[in-house]
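*Asks:* Sharing run_34.cif, mmCIF, C-alpha atoms and all ligand atoms:
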```cif
data_structure
#
loop_
_atom_site.label_atom_id
_atom_site.label_comp_id
_atom_site.auth_asym_id
_atom_site.auth_seq_id
_atom_site.Cartn_x
_atom_site.Cartn_y
_atom_site.Cartn_z
CA MET A 1 81.01 -169.83 53.81
CA ASP A 2 82.81 -172.07 56.29
CA ARG A 3 80.86 -170.49 59.11
CA ILE A 4 77.61 -171.22 57.38
CA ILE A 5 78.58 -174.83 56.97
CA ILE A 6 79.55 -175.09 60.62
CA PHE A 7 76.30 -173.42 61.49
CA HIS A 8 74.46 -175.95 59.38
CA ALA A 9 76.34 -178.82 60.93
CA LYS A 10 75.29 -177.61 64.36
CA TRP A 11 71.68 -177.62 63.32
CA VAL A 12 72.01 -181.04 61.78
CA LEU A 13 73.48 -182.26 65.05
CA PHE A 14 70.72 -180.53 66.97
CA PHE A 15 67.98 -182.05 64.87
CA THR A 16 69.60 -185.46 65.03
CA LEU A 17 69.86 -185.32 68.82
CA CYS A 18 66.38 -183.97 69.10
CA CYS A 19 64.91 -186.67 66.95
CA ILE A 20 66.83 -189.48 68.59
CA SER A 21 65.67 -188.26 71.94
CA MET A 22 62.10 -187.92 70.68
CA LYS A 23 62.22 -191.45 69.36
CA PHE A 24 63.60 -192.56 72.72
CA ARG A 25 60.75 -190.78 74.49
CA VAL A 26 58.24 -192.52 72.28
CA MET A 27 59.83 -195.86 73.17
CA ILE A 28 59.69 -195.07 76.86
CA ARG A 29 56.13 -193.90 76.39
CA GLY A 30 55.28 -197.45 75.41
CA GLN A 31 56.02 -198.60 78.94
CA GLN A 32 57.24 -195.97 81.35
CA VAL A 33 58.76 -198.36 83.88
CA PRO A 34 60.09 -201.89 83.30
CA CYS A 35 57.86 -203.40 85.97
CA LEU A 36 54.97 -202.70 88.26
CA PHE A 37 54.17 -204.29 91.62
CA PHE A 38 50.98 -203.93 93.63
CA MET A 39 50.38 -204.68 97.29
CA GLY A 40 47.01 -204.15 98.88
CA ASP A 41 43.52 -205.39 99.61
CA SER A 42 40.30 -205.87 97.67
CA LEU A 43 40.68 -202.46 96.02
CA SER A 44 43.66 -203.98 94.19
CA ASP A 45 43.14 -207.77 94.28
CA ASN A 46 42.76 -209.32 90.83
CA GLY A 47 42.43 -212.97 91.72
CA ASN A 48 44.77 -213.83 94.59
CA ASN A 49 41.93 -214.94 96.87
CA ASN A 50 40.18 -217.11 94.29
CA MET A 51 41.63 -220.42 95.43
CA ARG A 52 41.90 -219.56 99.10
CA ILE A 53 39.59 -220.61 101.90
CA THR A 54 37.94 -217.25 102.48
CA VAL A 55 34.63 -215.56 101.77
CA ALA A 56 36.53 -212.42 100.68
CA LYS A 57 36.49 -213.25 97.00
CA ALA A 58 34.84 -211.88 93.90
CA ASN A 59 35.31 -214.56 91.25
CA TYR A 60 31.59 -214.93 90.56
CA GLN A 61 28.86 -213.02 88.75
CA PRO A 62 27.91 -210.21 88.91
CA TYR A 63 31.53 -209.15 89.65
CA GLY A 64 33.30 -208.63 86.34
CA ILE A 65 30.02 -208.25 84.46
CA ASP A 66 31.64 -205.61 82.20
CA TYR A 67 35.15 -207.14 82.19
CA PRO A 68 36.04 -208.91 78.93
CA ALA A 69 37.03 -212.13 80.74
CA GLY A 70 34.05 -211.95 83.13
CA PRO A 71 34.57 -212.55 86.87
CA THR A 72 38.29 -212.76 87.66
CA GLY A 73 38.43 -211.94 91.35
CA ARG A 74 38.37 -208.16 90.83
CA PHE A 75 35.96 -206.51 93.28
CA SER A 76 34.42 -204.34 90.57
CA ASN A 77 32.01 -204.53 87.67
CA LYS A 78 34.98 -204.12 85.33
CA LYS A 79 38.49 -202.88 86.11
CA ASN A 80 40.21 -201.83 89.31
CA ILE A 81 42.76 -199.11 90.10
CA PRO A 82 45.84 -201.28 89.29
CA ASP A 83 44.35 -202.04 85.86
CA TYR A 84 44.02 -198.34 85.07
CA LEU A 85 47.44 -197.46 86.50
CA ALA A 86 49.08 -200.17 84.39
CA GLN A 87 47.26 -198.77 81.36
CA SER A 88 48.38 -195.20 82.10
CA LEU A 89 51.95 -196.39 82.56
CA GLY A 90 51.85 -197.90 79.09
CA PHE A 91 51.55 -201.58 79.97
CA ALA A 92 49.83 -203.56 77.23
CA ASN A 93 48.38 -206.08 79.69
CA PRO A 94 47.17 -206.02 83.28
CA VAL A 95 49.73 -207.10 85.87
CA PRO A 96 49.02 -210.76 86.74
CA PRO A 97 48.05 -211.92 90.25
CA PHE A 98 50.85 -213.59 92.22
CA ALA A 99 48.63 -216.69 92.56
CA THR A 100 48.85 -217.46 88.85
CA ALA A 101 51.84 -215.46 87.54
CA THR A 102 54.27 -217.87 85.94
CA GLY A 103 57.56 -217.93 84.06
CA THR A 104 59.18 -214.85 82.71
CA THR A 105 55.97 -212.76 82.92
CA VAL A 106 56.92 -211.86 86.51
CA GLN A 107 59.61 -209.59 85.05
CA LYS A 108 56.94 -207.04 84.19
CA GLY A 109 55.46 -207.16 87.66
CA VAL A 110 53.10 -208.99 89.95
CA ASN A 111 49.99 -208.07 91.90
CA TYR A 112 50.08 -209.46 95.46
CA ALA A 113 46.89 -207.83 96.74
CA SER A 114 44.40 -209.87 98.73
CA GLY A 115 40.81 -208.96 99.60
CA ALA A 116 40.18 -208.28 103.32
CA ALA A 117 43.91 -208.20 104.09
CA GLY A 118 45.55 -205.52 106.18
CA ILE A 119 48.67 -204.05 107.64
CA LEU A 120 48.14 -206.16 110.75
CA ASP A 121 48.44 -209.93 110.43
CA ASP A 122 45.10 -210.72 112.06
CA THR A 123 43.05 -208.23 110.02
CA GLY A 124 40.38 -209.96 107.94
CA GLY A 125 41.05 -213.28 109.65
CA ALA A 126 37.36 -213.66 110.54
CA LEU A 127 36.70 -213.92 106.79
CA GLY A 128 39.21 -216.72 106.26
CA ASP A 129 42.72 -217.15 104.97
CA VAL A 130 43.65 -213.78 103.49
CA ILE A 131 47.17 -212.62 102.61
CA SER A 132 48.34 -209.96 105.05
CA LEU A 133 50.87 -207.32 103.99
CA ASN A 134 53.63 -209.25 105.76
CA ARG A 135 52.80 -212.31 103.68
CA GLN A 136 52.61 -210.20 100.51
CA LEU A 137 56.14 -209.02 101.29
CA LEU A 138 57.24 -212.66 101.64
CA ASN A 139 55.61 -213.42 98.29
CA HIS A 140 57.63 -210.59 96.81
CA GLN A 141 60.77 -212.38 98.04
CA ILE A 142 59.62 -215.42 96.04
CA THR A 143 59.32 -213.22 92.95
CA ILE A 144 62.81 -211.83 93.60
CA ALA A 145 64.16 -215.41 93.81
CA ARG A 146 62.49 -216.09 90.45
CA LEU A 147 63.99 -212.93 88.97
CA LEU A 148 67.44 -214.08 90.11
CA LEU A 149 66.93 -217.30 88.18
CA ILE A 150 65.58 -215.52 85.09
CA ARG A 151 67.97 -212.57 84.98
CA GLY A 152 71.02 -213.96 86.74
CA PRO A 153 72.52 -212.88 90.04
CA PHE A 154 73.64 -209.43 88.87
CA GLY A 155 71.38 -206.54 88.17
CA VAL A 156 68.18 -207.69 89.84
CA THR A 157 68.46 -205.00 92.51
CA SER A 158 69.12 -202.25 90.00
CA TYR A 159 66.21 -203.60 87.94
CA LEU A 160 63.87 -203.43 90.94
CA ASN A 161 65.11 -199.89 91.65
CA LYS A 162 63.47 -198.84 88.36
CA CYS A 163 60.16 -200.59 89.01
CA LEU A 164 57.11 -198.80 90.31
CA TYR A 165 55.35 -200.08 93.42
CA ALA A 166 51.85 -199.11 94.54
CA VAL A 167 50.82 -200.01 98.07
CA ASN A 168 47.20 -199.48 99.11
CA MET A 169 46.64 -200.92 102.57
CA GLY A 170 44.86 -200.11 105.81
CA SER A 171 41.11 -199.94 105.03
CA ASN A 172 40.56 -203.44 106.40
CA ASP A 173 42.49 -202.68 109.56
CA TYR A 174 39.40 -200.57 110.25
CA VAL A 175 36.45 -202.26 108.52
CA ASN A 176 37.67 -205.80 109.15
CA ASN A 177 39.35 -205.25 112.49
CA TYR A 178 39.00 -202.13 114.65
CA LEU A 179 35.32 -201.56 113.83
CA LEU A 180 34.30 -205.19 114.48
CA PRO A 181 34.70 -205.63 118.26
CA GLN A 182 32.78 -208.93 118.12
CA TYR A 183 35.68 -210.53 116.22
CA TYR A 184 38.76 -208.46 117.04
CA PRO A 185 39.91 -207.11 120.41
CA SER A 186 41.78 -204.07 119.02
CA SER A 187 39.16 -201.43 119.94
CA LYS A 188 39.18 -202.68 123.53
CA LEU A 189 42.95 -202.57 123.68
CA PHE A 190 43.67 -199.27 121.90
CA THR A 191 42.18 -195.82 121.59
CA PRO A 192 41.63 -194.73 117.96
CA ASP A 193 44.77 -192.63 118.18
CA LYS A 194 46.92 -195.42 119.66
CA PHE A 195 45.56 -197.82 117.05
CA ALA A 196 46.49 -195.47 114.19
CA GLN A 197 49.93 -195.13 115.76
CA ARG A 198 50.28 -198.90 115.94
CA LEU A 199 49.27 -199.29 112.28
CA ILE A 200 51.76 -196.65 111.21
CA LEU A 201 54.57 -198.27 113.21
CA GLN A 202 53.94 -201.62 111.54
CA TYR A 203 53.47 -199.99 108.09
CA SER A 204 56.74 -198.12 108.53
CA ARG A 205 58.61 -201.41 109.13
CA GLN A 206 56.90 -202.97 106.12
CA LEU A 207 57.67 -200.08 103.76
CA LYS A 208 61.28 -200.08 104.93
CA SER A 209 61.52 -203.80 104.25
CA LEU A 210 60.13 -203.17 100.75
CA TYR A 211 62.86 -200.55 100.27
CA LYS A 212 65.49 -203.00 101.53
CA SER A 213 64.41 -205.55 98.95
CA GLY A 214 65.08 -202.99 96.19
CA ALA A 215 61.97 -200.82 95.84
CA ARG A 216 62.72 -197.13 95.29
CA LYS A 217 59.65 -195.71 93.55
CA VAL A 218 56.72 -196.36 95.83
CA ALA A 219 53.24 -194.80 95.74
CA VAL A 220 51.55 -195.18 99.11
CA PHE A 221 47.79 -194.70 99.03
CA GLY A 222 46.03 -193.08 101.96
CA LEU A 223 42.62 -194.30 103.08
CA GLY A 224 39.33 -193.06 101.69
CA LEU A 225 36.32 -191.89 103.66
CA LEU A 226 35.33 -195.22 105.21
CA GLY A 227 32.57 -193.50 107.17
CA CYS A 228 30.74 -192.91 103.88
CA ILE A 229 30.63 -196.43 102.42
CA PRO A 230 27.20 -198.09 102.11
CA GLN A 231 28.13 -200.98 104.43
CA VAL A 232 28.88 -198.53 107.24
CA LEU A 233 25.77 -196.46 106.48
CA ALA A 234 23.66 -199.63 106.53
CA THR A 235 24.75 -200.48 110.05
CA THR A 236 25.47 -197.14 111.79
CA PRO A 237 23.37 -193.95 111.97
CA ALA A 238 24.85 -191.20 109.83
CA ASN A 239 25.61 -187.67 110.95
CA ALA A 240 24.45 -184.49 109.24
CA SER A 241 27.37 -184.91 106.82
CA GLY A 242 25.63 -187.97 105.38
CA CYS A 243 28.51 -190.09 106.67
CA VAL A 244 29.50 -191.58 110.00
CA ASP A 245 31.81 -188.85 111.21
CA TYR A 246 33.58 -190.76 113.95
CA ILE A 247 34.78 -193.39 111.47
CA ASN A 248 36.12 -190.73 109.11
CA ASN A 249 37.86 -189.20 112.11
CA TYR A 250 39.55 -192.53 112.96
CA VAL A 251 40.76 -192.84 109.39
CA GLN A 252 42.05 -189.30 109.44
CA LEU A 253 44.22 -190.15 112.45
CA PHE A 254 45.88 -192.76 110.24
CA ASN A 255 46.19 -190.57 107.13
CA ASN A 256 47.57 -187.67 109.15
CA ARG A 257 50.44 -189.90 110.24
CA LEU A 258 50.95 -191.57 106.89
CA LYS A 259 51.97 -188.44 104.99
CA PRO A 260 54.74 -187.58 107.52
CA LEU A 261 55.86 -191.23 107.35
CA VAL A 262 56.28 -190.91 103.58
CA ASP A 263 58.27 -187.70 104.02
CA ASP A 264 60.38 -189.37 106.68
CA LEU A 265 61.19 -192.35 104.43
CA ASN A 266 62.26 -189.96 101.66
CA THR A 267 64.51 -188.09 104.06
CA ASN A 268 66.13 -191.07 105.71
CA LEU A 269 66.44 -193.74 103.03
CA PRO A 270 69.01 -192.92 100.32
CA GLY A 271 67.47 -192.81 96.85
CA ALA A 272 63.95 -193.41 98.15
CA LYS A 273 61.13 -191.86 96.13
CA PHE A 274 58.01 -192.52 98.13
CA THR A 275 54.88 -190.54 97.43
CA TYR A 276 51.58 -190.10 99.22
CA ILE A 277 48.37 -190.43 97.23
CA ASN A 278 45.57 -188.58 99.01
CA ILE A 279 42.41 -190.53 98.19
CA THR A 280 40.32 -188.19 100.32
CA SER A 281 41.42 -185.18 98.33
CA ILE A 282 40.95 -187.04 95.06
CA SER A 283 37.47 -188.37 95.85
CA LEU A 284 36.19 -185.13 97.38
CA SER A 285 37.16 -183.15 94.32
CA PHE A 286 35.48 -185.35 91.72
CA ASN A 287 32.85 -183.50 89.78
CA LEU A 288 30.32 -186.30 90.13
CA SER A 289 27.74 -184.69 87.88
CA ALA A 290 30.34 -184.25 85.15
CA LEU A 291 31.14 -187.96 85.56
CA GLY A 292 27.43 -188.71 85.20
CA ILE A 293 27.03 -190.13 88.71
CA THR A 294 23.50 -190.00 90.11
CA VAL A 295 23.57 -192.61 92.92
CA PHE A 296 25.93 -191.80 95.76
CA ASN A 297 25.37 -194.13 98.67
CA ALA A 298 23.56 -197.23 97.46
CA PRO A 299 25.27 -200.24 95.88
CA CYS A 300 24.64 -201.22 92.27
CA CYS A 301 24.44 -204.96 92.93
CA ILE A 302 22.17 -206.76 95.38
CA VAL A 303 24.26 -207.24 98.50
CA SER A 304 24.33 -209.82 101.28
CA SER A 305 24.39 -208.76 104.94
CA GLY A 306 28.18 -209.00 104.65
CA GLY A 307 28.06 -206.27 102.01
CA GLN A 308 29.29 -208.22 98.97
CA CYS A 309 27.25 -208.92 95.84
CA VAL A 310 24.91 -211.90 96.14
CA PRO A 311 26.03 -214.45 93.51
CA ASN A 312 24.25 -214.48 90.16
CA GLN A 313 21.81 -211.66 90.91
CA ILE A 314 21.32 -209.10 88.15
CA PRO A 315 22.92 -205.75 89.17
CA CYS A 316 21.76 -202.27 88.16
CA SER A 317 21.98 -201.65 84.43
CA ASP A 318 23.29 -198.06 84.67
CA ARG A 319 26.55 -199.02 86.40
CA ASP A 320 28.35 -195.87 85.32
CA GLN A 321 25.89 -193.82 87.37
CA TYR A 322 26.85 -195.42 90.70
CA ILE A 323 29.80 -194.70 92.98
CA PHE A 324 29.59 -198.13 94.62
CA TYR A 325 29.28 -201.51 92.99
CA ASP A 326 28.75 -203.44 96.24
CA ASN A 327 28.68 -202.08 99.79
CA TYR A 328 32.46 -201.53 99.89
CA HIS A 329 33.90 -201.21 96.43
CA PRO A 330 33.74 -198.46 93.83
CA THR A 331 32.46 -199.04 90.33
CA ASP A 332 34.73 -199.12 87.32
CA ILE A 333 34.06 -195.48 86.46
CA ILE A 334 35.20 -194.33 89.92
CA ASN A 335 38.28 -196.57 89.78
CA GLN A 336 39.15 -195.05 86.42
CA ALA A 337 38.73 -191.49 87.72
CA THR A 338 40.76 -192.24 90.88
CA ALA A 339 43.59 -193.82 88.94
CA ALA A 340 43.62 -190.98 86.39
CA ARG A 341 43.96 -188.39 89.09
CA SER A 342 46.63 -190.25 91.03
CA TYR A 343 48.54 -190.62 87.77
CA ASN A 344 48.07 -186.96 86.79
CA ALA A 345 47.28 -184.98 89.91
CA ILE A 346 45.22 -181.84 89.49
CA SER A 347 45.82 -180.34 92.92
CA PRO A 348 49.08 -180.53 94.90
CA LEU A 349 46.98 -182.09 97.68
CA ASP A 350 46.15 -185.12 95.49
CA ALA A 351 49.66 -186.53 95.46
CA SER A 352 52.84 -185.37 97.10
CA PRO A 353 55.69 -184.99 96.48
CA PHE A 354 54.96 -186.71 93.12
CA ASP A 355 52.00 -187.94 91.20
CA ILE A 356 52.42 -191.37 89.66
CA SER A 357 53.41 -190.06 86.20
CA GLN A 358 56.22 -188.08 87.87
CA LEU A 359 57.17 -191.01 90.08
CA ALA A 360 57.67 -193.15 86.97
CA GLN A 361 60.15 -190.57 85.60
CA GLN A 362 62.22 -190.33 88.81
C1 LIG B 401 27.10 -188.10 114.99
O1 LIG B 401 26.05 -188.98 115.32
C2 LIG B 401 26.24 -189.63 116.56
C3 LIG B 401 25.16 -190.70 116.73
O2 LIG B 401 23.93 -190.23 116.26
C4 LIG B 401 26.25 -188.60 117.68
O3 LIG B 401 26.45 -189.22 118.95
C5 LIG B 401 27.37 -187.61 117.42
O4 LIG B 401 27.37 -186.59 118.37
C6 LIG B 401 27.25 -187.02 116.02
N1 LIG B 401 28.45 -186.24 115.76
C7 LIG B 401 28.41 -185.04 115.26
C8 LIG B 401 29.74 -184.40 115.00
O5 LIG B 401 27.37 -184.48 114.99
C1 LIG B 402 44.21 -184.85 101.97
O1 LIG B 402 43.24 -184.05 101.36
C2 LIG B 402 42.28 -183.56 102.27
C3 LIG B 402 41.14 -182.94 101.47
O2 LIG B 402 41.61 -182.03 100.54
C4 LIG B 402 42.99 -182.58 103.20
O3 LIG B 402 42.05 -182.03 104.11
C5 LIG B 402 44.05 -183.35 103.95
O4 LIG B 402 44.79 -182.47 104.75
C6 LIG B 402 44.99 -184.08 103.01
N1 LIG B 402 45.75 -184.99 103.82
C7 LIG B 402 47.05 -185.02 103.82
C8 LIG B 402 47.67 -185.99 104.75
O5 LIG B 402 47.71 -184.33 103.08
C1 LIG B 403 30.63 -179.98 87.35
O1 LIG B 403 30.22 -180.41 86.08
C2 LIG B 403 28.99 -179.83 85.65
C3 LIG B 403 28.54 -180.54 84.39
O2 LIG B 403 29.62 -180.70 83.50
C4 LIG B 403 29.19 -178.32 85.48
O3 LIG B 403 28.01 -177.73 85.07
C5 LIG B 403 29.63 -177.75 86.84
O4 LIG B 403 29.94 -176.38 86.70
C6 LIG B 403 30.84 -178.48 87.38
N1 LIG B 403 31.09 -178.06 88.75
C7 LIG B 403 32.27 -177.67 89.18
C8 LIG B 403 32.33 -177.29 90.62
O5 LIG B 403 33.25 -177.61 88.48
#
```
Starting from the file, give its structure as C-alpha cells.
Ligand SMILES: *[C@@H]1O[C@H](CO)[C@@H](O)[C@H](O)[C@H]1NC(C)=O
Ligand SMILES: *[C@@H]1O[C@H](CO)[C@@H](O)[C@H](O)[C@H]1NC(C)=O
Ligand SMILES: *[C@@H]1O[C@H](CO)[C@@H](O)[C@H](O)[C@H]1NC(C)=O

*Replies:*
Amino acid sequence: MDRIIIFHAKWVLFFTLCCISMKFRVMIRGQQVPCLFFMGDSLSDNGNNNMRITVAKANYQPYGIDYPAGPTGRFSNKKNIPDYLAQSLGFANPVPPFATATGTTVQKGVNYASGAAGILDDTGGALGDVISLNRQLLNHQITIARLLLIRGPFGVTSYLNKCLYAVNMGSNDYVNNYLLPQYYPSSKLFTPDKFAQRLILQYSRQLKSLYKSGARKVAVFGLGLLGCIPQVLATTPANASGCVDYINNYVQLFNNRLKPLVDDLNTNLPGAKFTYINITSISLSFNLSALGITVFNAPCCIVSSGGQCVPNQIPCSDRDQYIFYDNYHPTDIINQATAARSYNAISPLDASPFDISQLAQQ
C-alpha cells in the first residue's frame, strides 16, 4: 500500500514537472529570445535610409504595395527577411529601425540595416550617405548606452548574450563597389581573390567587435548568386547557365572564406555561437514551381536604369509569381521562403552548425 502511494507520488511529481515545463515552453514559444538585432543592407533595411541623403531608399510606391502600412523603406512589395525571422522567433511586432526606435522598445531589438551599405566603409558611397557596417556597429553602442540607462548598469551584457543577431552584409561590396570600376578603384587595386580576402579580414574584425559588445548568438548570412540578378543580366551578357558566371565566382570566393571564418570564431571566442546561413544552398533548392513562381529573371516593377522601382508606376499584379520585385531585391514570397528555410533548415548545407531555430535555443 505504501509503495503504491509512493509510486503515485512519483507520478504526480512527474506530471507536475512535465506540465510546468510544458507551460514554460509555451511561454518561451511566445518569444524565443528576449531581443533581436539586425545588421545589413537593403535586404534587411526597414527604414533607416528614409531621412538620409541617398538614392538608396524605398519609402515610395510601389515599394510596400502589399505591406499594411504601405511604403516604409523596405525594399520589397511587402515584408523582408528580418520581418519573417522576427515572426518565426515569436515576436509580435517587427523590429523597429534604429532611425526611429525610441524609449524602452529598444529592449526587444533594433534593425540597423542600411540600403547600399557594405562591409567596407566606402561601399555604396556613390549612392549617397549610407550606413556602413562600421557605423551600424557604432549605432549598436548607442543602443547599449540606452539599455544601460533603461536596465541599469548590471546585467546588460548577460541580457545581450541571450539576444539573437542576424548579420547579412557583403552584396554591395560587389554590386556597389567591386563591380563598378567607374566609381570605385577596388577592382584595379585587387584581384577578385585578394578582394574577397580583404572583405573577410574586415568582416572578421567587425564580427569580433560585435562579440566584444556582448553578442553570442549570431547568424551570418552568406551572399546569394549576384551573377543572376536582373540588374546584372541587364548590363552584362549571360553565360549558358543563364547567369554571369564570373560574378558568381567572385561571390563564391567570399562565401568560401566566410564559412571557415564562422567556424574559427566559434573555436576561438569563448561562448560564441556563430552560424553560417548558406543563401546559395537555400535559393538553389527552392522548388519554384511548388512556390508558384513563373518569372525568374525579370523584375515585377518598372525599373529605372539604376535598377530600382520607378516611383508611382503600377507593378505587376501577380507579385507572388516573381522572384524579383525590382532589379536587385526578391519579392515577399521569396523573402518568406528564405527566412523559413534559414529558421528551419532542410539540408545541413543550408545552415551550419545551427539553423536559426536552434541558434535561439543555444
Ligand atoms: C561566359 O561569358 C563570357 C562573355 O560572353 C565569356 O568570355 C566566358 O568565357 C564565359 N564563361 C564560361 C564559363 O562559359
Ligand atoms: C553552400 O551551398 C552550395 C550549394 O549547395 C554549396 O555548393 C556550397 O559548398 C555551400 N557553401 C558553403 C560555404 O558551405
Ligand atoms: C516541385 O513541385 C512540383 C509541384 O508541387 C512537383 O510536381 C515536383 O515534383 C517538385 N519537384 C521536386 C524536385 O521536388

*Asks:* Which residues are near ligand LIG 403 (chain B) - at most 8 Å, using all atoms listed in the file? Format: as a list in words.

*Replies:*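 Written in the requested form, the residues are Asn287, Leu288, Ser289, Ala290 and Leu291 of chain A.
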
*Asks:* Any idea what the distance is between atom CA of A:Ser132 and atom CA of A:Asn172?

*Replies:*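 Going from atom CA of A:Ser132 over to atom CA of A:Asn172 covers 10.2 Å.
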
*Asks:* Pick the closest to A:Tyr63 from A:Thr123, A:Leu147, A:Asn46, A:Tyr246: which is it, counting only C-alpha atoms?

*Replies:*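 Nearest to A:Tyr63: A:Asn46.
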
*Asks:* Which of these, A:Leu223, A:Ala298, A:Leu359, A:Ala240, has the shortest distance to ligand LIG 402 (chain B) once you count all atoms listed in the file?

*Replies:*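 Ranked by minimum distance to ligand LIG 402 (chain B), first place goes to A:Leu223.
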
*Asks:* Choose the residue, out of A:Ala99, A:Val262, A:Leu148, A:Val175, that has the smallest atom-to-atom separation from ligand LIG 402 (chain B); count only C-alpha atoms and all ligand atoms.

*Replies:*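 For ligand LIG 402 (chain B), the nearest of the given residues is A:Val262.
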
*Asks:* Please fill the gaps in stretch 158-173 of chain A so it has N, CA, C and O atoms, and write that as a PDB file, in the coordinates of the input.

*Replies:*
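Generated output (rebuild_22.pdb):
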```
ATOM      1  N   SER A 158      69.223-203.495  90.763  1.00  0.00           N
ATOM      2  CA  SER A 158      69.120-202.250  90.000  1.00  0.00           C
ATOM      3  C   SER A 158      67.881-202.269  89.097  1.00  0.00           C
ATOM      4  O   SER A 158      67.305-201.222  88.804  1.00  0.00           O
ATOM      5  N   TYR A 159      67.456-203.471  88.705  1.00  0.00           N
ATOM      6  CA  TYR A 159      66.210-203.600  87.940  1.00  0.00           C
ATOM      7  C   TYR A 159      65.020-203.203  88.826  1.00  0.00           C
ATOM      8  O   TYR A 159      64.187-202.385  88.431  1.00  0.00           O
ATOM      9  N   LEU A 160      64.980-203.746  90.031  1.00  0.00           N
ATOM     10  CA  LEU A 160      63.870-203.430  90.940  1.00  0.00           C
ATOM     11  C   LEU A 160      63.840-201.936  91.304  1.00  0.00           C
ATOM     12  O   LEU A 160      62.777-201.355  91.493  1.00  0.00           O
ATOM     13  N   ASN A 161      65.026-201.333  91.367  1.00  0.00           N
ATOM     14  CA  ASN A 161      65.110-199.890  91.650  1.00  0.00           C
ATOM     15  C   ASN A 161      64.301-199.072  90.647  1.00  0.00           C
ATOM     16  O   ASN A 161      63.838-197.985  90.963  1.00  0.00           O
ATOM     17  N   LYS A 162      64.179-199.596  89.416  1.00  0.00           N
ATOM     18  CA  LYS A 162      63.470-198.840  88.360  1.00  0.00           C
ATOM     19  C   LYS A 162      61.981-199.152  88.325  1.00  0.00           C
ATOM     20  O   LYS A 162      61.220-198.493  87.634  1.00  0.00           O
ATOM     21  N   CYS A 163      61.566-200.190  89.050  1.00  0.00           N
ATOM     22  CA  CYS A 163      60.160-200.590  89.010  1.00  0.00           C
ATOM     23  C   CYS A 163      59.302-199.631  89.820  1.00  0.00           C
ATOM     24  O   CYS A 163      59.798-198.932  90.694  1.00  0.00           O
ATOM     25  N   LEU A 164      58.030-199.620  89.518  1.00  0.00           N
ATOM     26  CA  LEU A 164      57.110-198.800  90.310  1.00  0.00           C
ATOM     27  C   LEU A 164      56.266-199.725  91.191  1.00  0.00           C
ATOM     28  O   LEU A 164      55.801-200.770  90.744  1.00  0.00           O
ATOM     29  N   TYR A 165      56.144-199.317  92.443  1.00  0.00           N
ATOM     30  CA  TYR A 165      55.350-200.080  93.420  1.00  0.00           C
ATOM     31  C   TYR A 165      54.178-199.215  93.865  1.00  0.00           C
ATOM     32  O   TYR A 165      54.347-198.013  94.088  1.00  0.00           O
ATOM     33  N   ALA A 166      53.004-199.826  93.974  1.00  0.00           N
ATOM     34  CA  ALA A 166      51.850-199.110  94.540  1.00  0.00           C
ATOM     35  C   ALA A 166      51.308-199.938  95.697  1.00  0.00           C
ATOM     36  O   ALA A 166      50.994-201.117  95.532  1.00  0.00           O
ATOM     37  N   VAL A 167      51.259-199.313  96.862  1.00  0.00           N
ATOM     38  CA  VAL A 167      50.820-200.010  98.070  1.00  0.00           C
ATOM     39  C   VAL A 167      49.575-199.308  98.596  1.00  0.00           C
ATOM     40  O   VAL A 167      49.602-198.103  98.862  1.00  0.00           O
ATOM     41  N   ASN A 168      48.490-200.057  98.701  1.00  0.00           N
ATOM     42  CA  ASN A 168      47.200-199.480  99.110  1.00  0.00           C
ATOM     43  C   ASN A 168      46.628-200.369 100.211  1.00  0.00           C
ATOM     44  O   ASN A 168      45.944-201.338  99.944  1.00  0.00           O
ATOM     45  N   MET A 169      46.972-200.044 101.437  1.00  0.00           N
ATOM     46  CA  MET A 169      46.640-200.920 102.570  1.00  0.00           C
ATOM     47  C   MET A 169      46.092-200.099 103.741  1.00  0.00           C
ATOM     48  O   MET A 169      46.446-198.928 103.896  1.00  0.00           O
ATOM     49  N   GLY A 170      45.290-200.729 104.572  1.00  0.00           N
ATOM     50  CA  GLY A 170      44.860-200.110 105.810  1.00  0.00           C
ATOM     51  C   GLY A 170      43.343-200.045 105.987  1.00  0.00           C
ATOM     52  O   GLY A 170      42.859-200.009 107.122  1.00  0.00           O
ATOM     53  N   SER A 171      42.574-200.042 104.887  1.00  0.00           N
ATOM     54  CA  SER A 171      41.110-199.940 105.030  1.00  0.00           C
ATOM     55  C   SER A 171      40.566-201.081 105.889  1.00  0.00           C
ATOM     56  O   SER A 171      39.704-200.872 106.750  1.00  0.00           O
ATOM     57  N   ASN A 172      41.078-202.298 105.649  1.00  0.00           N
ATOM     58  CA  ASN A 172      40.560-203.440 106.400  1.00  0.00           C
ATOM     59  C   ASN A 172      41.009-203.457 107.847  1.00  0.00           C
ATOM     60  O   ASN A 172      40.371-204.105 108.678  1.00  0.00           O
ATOM     61  N   ASP A 173      42.093-202.769 108.160  1.00  0.00           N
ATOM     62  CA  ASP A 173      42.490-202.680 109.560  1.00  0.00           C
ATOM     63  C   ASP A 173      41.410-201.929 110.353  1.00  0.00           C
ATOM     64  O   ASP A 173      41.319-202.065 111.557  1.00  0.00           O
TER      65      ASP A 173
END
```
